[in-house]
>>> print(open('entry.pdb').read())   # PDB, C-alpha atoms and all ligand atoms
ATOM      1  CA  MET A1044       0.000   0.000   0.000
ATOM      2  CA  SER A1045       1.105   3.574  -0.411
ATOM      3  CA  GLU A1046       2.506   5.511   2.502
ATOM      4  CA  THR A1047       0.371   8.075   4.292
ATOM      5  CA  ARG A1048       2.251  10.371   6.647
ATOM      6  CA  THR A1049       0.652  12.099   9.634
ATOM      7  CA  GLY A1050       2.614  13.757  12.425
ATOM      8  CA  GLY A1051       5.745  11.685  12.032
ATOM      9  CA  PHE A1052       3.825   8.437  11.656
ATOM     10  CA  VAL A1053       3.414   6.507   8.444
ATOM     11  CA  THR A1054       0.529   4.163   7.733
ATOM     12  CA  VAL A1055       2.008   0.815   6.765
ATOM     13  CA  ALA A1056      -0.932  -1.582   6.939
ATOM     14  CA  LYS A1057      -4.579  -2.012   7.745
ATOM     15  CA  ALA A1058      -5.390  -3.762  10.995
ATOM     16  CA  GLY A1059      -7.034  -6.699   9.252
ATOM     17  CA  GLU A1060      -3.949  -7.428   7.174
ATOM     18  CA  ILE A1061      -1.903  -8.949   9.996
ATOM     19  CA  PRO A1062      -3.433 -11.858  11.893
ATOM     20  CA  GLU A1063      -2.546 -12.699  15.470
ATOM     21  CA  GLY A1064       0.950 -14.189  15.436
ATOM     22  CA  GLY A1065       1.495 -12.817  11.942
ATOM     23  CA  ILE A1066       4.259 -10.768  10.379
ATOM     24  CA  LYS A1067       4.177  -8.269   7.549
ATOM     25  CA  VAL A1068       7.228  -6.792   5.871
ATOM     26  CA  VAL A1069       6.920  -3.179   4.798
ATOM     27  CA  ARG A1070       9.337  -1.032   2.902
ATOM     28  CA  LEU A1071       9.975   2.508   4.133
ATOM     29  CA  GLY A1072      12.578   4.490   2.235
ATOM     30  CA  ASP A1073      15.492   2.122   1.789
ATOM     31  CA  GLN A1074      14.670   0.073   4.882
ATOM     32  CA  SER A1075      12.590  -3.035   5.452
ATOM     33  CA  LEU A1076      10.557  -3.221   8.625
ATOM     34  CA  ALA A1077       8.878  -6.272  10.082
ATOM     35  CA  ILE A1078       5.500  -5.613  11.700
ATOM     36  CA  PHE A1079       4.491  -8.274  14.227
ATOM     37  CA  LYS A1080       1.133  -8.825  15.898
ATOM     38  CA  VAL A1081       1.360 -10.518  19.286
ATOM     39  CA  ASP A1082      -1.338 -10.610  21.963
ATOM     40  CA  GLY A1083      -3.342  -8.074  20.013
ATOM     41  CA  SER A1084      -0.512  -5.525  19.883
ATOM     42  CA  TYR A1085       1.671  -4.496  16.976
ATOM     43  CA  HIS A1086       5.428  -4.190  17.123
ATOM     44  CA  ALA A1087       7.885  -2.993  14.501
ATOM     45  CA  LEU A1088      11.536  -3.936  14.135
ATOM     46  CA  GLU A1089      14.023  -3.415  11.400
ATOM     47  CA  ASP A1090      13.843  -6.569   9.310
ATOM     48  CA  VAL A1091      17.573  -7.107   9.532
ATOM     49  CA  CYS A1092      19.256  -9.380  12.057
ATOM     50  CA  THR A1093      22.135  -7.623  13.792
ATOM     51  CA  HIS A1094      24.280 -10.753  13.609
ATOM     52  CA  ASP A1095      24.705 -11.083   9.858
ATOM     53  CA  GLY A1096      21.775  -9.355   8.183
ATOM     54  CA  GLY A1097      19.289 -12.230   8.172
ATOM     55  CA  PRO A1098      15.668 -11.447   7.263
ATOM     56  CA  LEU A1099      13.927 -11.675  10.647
ATOM     57  CA  ALA A1100      10.418 -11.745   9.178
ATOM     58  CA  GLU A1101      11.279 -15.061   7.527
ATOM     59  CA  GLY A1102      12.085 -16.539  10.912
ATOM     60  CA  THR A1103       9.864 -18.267  13.432
ATOM     61  CA  LEU A1104       7.672 -16.196  15.744
ATOM     62  CA  GLU A1105       6.730 -17.840  19.047
ATOM     63  CA  GLY A1106       4.973 -15.539  21.465
ATOM     64  CA  HIS A1107       7.069 -12.383  21.667
ATOM     65  CA  VAL A1108      10.190 -14.103  20.364
ATOM     66  CA  ILE A1109      11.406 -14.047  16.771
ATOM     67  CA  GLU A1110      14.127 -16.479  15.805
ATOM     68  CA  CYS A1111      16.385 -15.475  12.937
ATOM     69  CA  PRO A1112      16.187 -18.007  10.098
ATOM     70  CA  ARG A1113      19.888 -17.738   9.364
ATOM     71  CA  HIS A1114      21.724 -18.785  12.538
ATOM     72  CA  GLY A1115      19.030 -18.871  15.193
ATOM     73  CA  ALA A1116      19.571 -15.687  17.199
ATOM     74  CA  ARG A1117      16.418 -14.735  19.077
ATOM     75  CA  PHE A1118      14.998 -11.284  19.766
ATOM     76  CA  ASP A1119      12.083  -9.887  21.765
ATOM     77  CA  VAL A1120       9.813  -8.225  19.198
ATOM     78  CA  ARG A1121       8.533  -5.811  21.855
ATOM     79  CA  THR A1122      11.932  -4.255  22.468
ATOM     80  CA  GLY A1123      14.356  -5.598  19.883
ATOM     81  CA  ALA A1124      16.455  -6.995  22.747
ATOM     82  CA  VAL A1125      18.734  -9.937  22.076
ATOM     83  CA  LEU A1126      17.620 -13.110  23.852
ATOM     84  CA  SER A1127      20.220 -15.508  22.512
ATOM     85  CA  LEU A1128      23.471 -15.647  20.582
ATOM     86  CA  PRO A1129      24.957 -15.392  18.056
ATOM     87  CA  ALA A1130      23.532 -11.840  17.844
ATOM     88  CA  MET A1131      24.815  -9.441  20.482
ATOM     89  CA  VAL A1132      23.269  -6.126  19.446
ATOM     90  CA  PRO A1133      19.549  -5.273  19.739
ATOM     91  CA  VAL A1134      17.502  -4.792  16.591
ATOM     92  CA  PRO A1135      16.236  -1.213  16.130
ATOM     93  CA  ARG A1136      12.564  -0.935  16.985
ATOM     94  CA  TYR A1137      10.002   1.602  15.899
ATOM     95  CA  GLU A1138       7.045   2.983  17.784
ATOM     96  CA  VAL A1139       3.715   1.692  16.492
ATOM     97  CA  ARG A1140       0.256   3.134  16.945
ATOM     98  CA  VAL A1141      -3.155   2.194  15.649
ATOM     99  CA  VAL A1142      -5.426   4.982  14.447
ATOM    100  CA  GLY A1143      -8.818   3.693  13.455
ATOM    101  CA  ASP A1144      -8.042   0.861  11.067
ATOM    102  CA  ASP A1145      -4.529   2.087  10.261
ATOM    103  CA  ILE A1146      -1.337   0.620  11.673
ATOM    104  CA  GLN A1147       1.215   3.406  11.782
ATOM    105  CA  VAL A1148       4.940   3.424  12.428
ATOM    106  CA  ALA A1149       6.932   6.389  13.740
ATOM    107  CA  TRP A1150       9.067   7.520  10.878
ATOM    108  CA  SER A1151      10.900  10.757  10.273
TER     109      SER A1151
HETATM  110  S1  LIG B1201      22.051 -13.530  10.653
HETATM  111 FE1  LIG B1201      20.635 -13.768  12.258
HETATM  112  S2  LIG B1201      21.552 -15.176  13.585
HETATM  113 FE2  LIG B1201      23.035 -14.877  12.039
END
>>> encode(input="entry.pdb", output="C-alpha cells", more="lines below")
Ligand code: FES
Amino acid sequence: MSETRTGGFVTVAKAGEIPEGGIKVVRLGDQSLAIFKVDGSYHALEDVCTHDGGPLAEGTLEGHVIECPRHGARFDVRTGAVLSLPAMVPVPRYEVRVVGDDIQVAWS
C-alpha cells in the first residue's frame, strides 16, 4: 500500500492485514521493517538481524520471540532486545500506533 504520513507516523498496513501471530514486511525508504502482531498488539523492528543481516520476518515467531532463520539468534519483538546468541546487538525498533483501522509506524 502507499505511505500516508501524519505527524511523524506513516501508515504501513490495515489492521485486518496482519493476523494474530502474523508478520508483515513493509518497505519505508530504503529500509525493510517487520510488523508483528502478538497478543493483540503491533510491534515494529528493522527486518535485519544484527548478527549477519538475516531477514527476521522469515524466521519463526513464538509468542514475543522471533528467531532469525539464518543462525538462530532470538529477539524480543517488543523491544528488539537480544535473547540468545549469536547476535549481540539489539535490533532497532520503531514505535507503532493504531489509528482507526490504520497501523502506523513512527518515521521521520
Ligand atoms: S544472521 Fe541472524 S543469527 Fe546470524
>>> resolve_selection(input="entry.pdb", expression="the PyMOL selection byres (((chain A and resi 1094) around 8) and not hetatm)", output="PDB file with C-alpha atoms, keeping the file's coordinate frame")
ATOM      1  CA  CYS A1092      19.256  -9.380  12.057  1.00  0.00           C
ATOM      2  CA  THR A1093      22.135  -7.623  13.792  1.00  0.00           C
ATOM      3  CA  ASP A1095      24.705 -11.083   9.858  1.00  0.00           C
ATOM      4  CA  GLY A1096      21.775  -9.355   8.183  1.00  0.00           C
ATOM      5  CA  GLY A1097      19.289 -12.230   8.172  1.00  0.00           C
ATOM      6  CA  ALA A1116      19.571 -15.687  17.199  1.00  0.00           C
ATOM      7  CA  PRO A1129      24.957 -15.392  18.056  1.00  0.00           C
ATOM      8  CA  ALA A1130      23.532 -11.840  17.844  1.00  0.00           C
ATOM      9  CA  MET A1131      24.815  -9.441  20.482  1.00  0.00           C
ATOM     10  CA  VAL A1132      23.269  -6.126  19.446  1.00  0.00           C
TER      11      VAL A1132
END
>>> atom_distance(input="entry.pdb", atom1="atom CA of Ile1146 of chain A", atom2="atom CA of Pro1112 of chain A")
25.6 Å
>>> atom_distance(input="entry.pdb", atom1="atom CA of His1114 of chain A", atom2="atom CA of Ala1100 of chain A")
13.7 Å
>>> closest_residue(input="entry.pdb", among="A:Tyr1137, A:Tyr1085, A:Trp1150, A:Phe1118", to="Ala1058 of chain A", atoms="all atoms listed in the file")
A:Tyr1085
>>> closest_residue(input="entry.pdb", among="A:His1107, A:His1086, A:Arg1117, A:Arg1070", to="ligand LIG 1201 (chain B)", atoms="only C-alpha atoms and all ligand atoms")
A:Arg1117
>>> residues_around(input="entry.pdb", residues="Val1053 of chain A", least_positions_apart="6", cutoff="12 Å", atoms="only C-alpha atoms", output="PyMOL selection string")
chain A and resi 1044-1047+1069-1072+1137-1142+1145-1151
>>> resolve_selection(input="entry.pdb", expression="the PyMOL selection byres (((chain A and resi 1106) around 10) and not hetatm)", output="ChimeraX atom specification")
/A:1064,1080-1082,1103-1105,1107-1109,1119-1120
>>> closest_residue(input="entry.pdb", among="A:Arg1113, A:Pro1135, A:Glu1101, A:Asp1144", to="Gln1074 of chain A", atoms="only C-alpha atoms")
A:Pro1135
>>> atom_distance(input="entry.pdb", atom1="atom CA of Glu1060 of chain A", atom2="atom CA of Arg1136 of chain A")
20.3 Å
>>> closest_residue(input="entry.pdb", among="A:Val1134, A:Gly1115, A:Ala1124, A:Gly1083", to="ligand LIG 1201 (chain B)", atoms="all atoms listed in the file")
A:Gly1115
>>> residues_around(input="entry.pdb", residues="Lys1067 of chain A", least_positions_apart="6", cutoff="8 Å", atoms="only C-alpha atoms", output="list in words")
Ile1061, Ala1077, Ile1078, Phe1079 and Ala1100 of chain A
>>> closest_residue(input="entry.pdb", among="A:Ser1127, A:Glu1063, A:Cys1111, A:Thr1054", to="ligand LIG 1201 (chain B)", atoms="only C-alpha atoms and all ligand atoms")
A:Cys1111
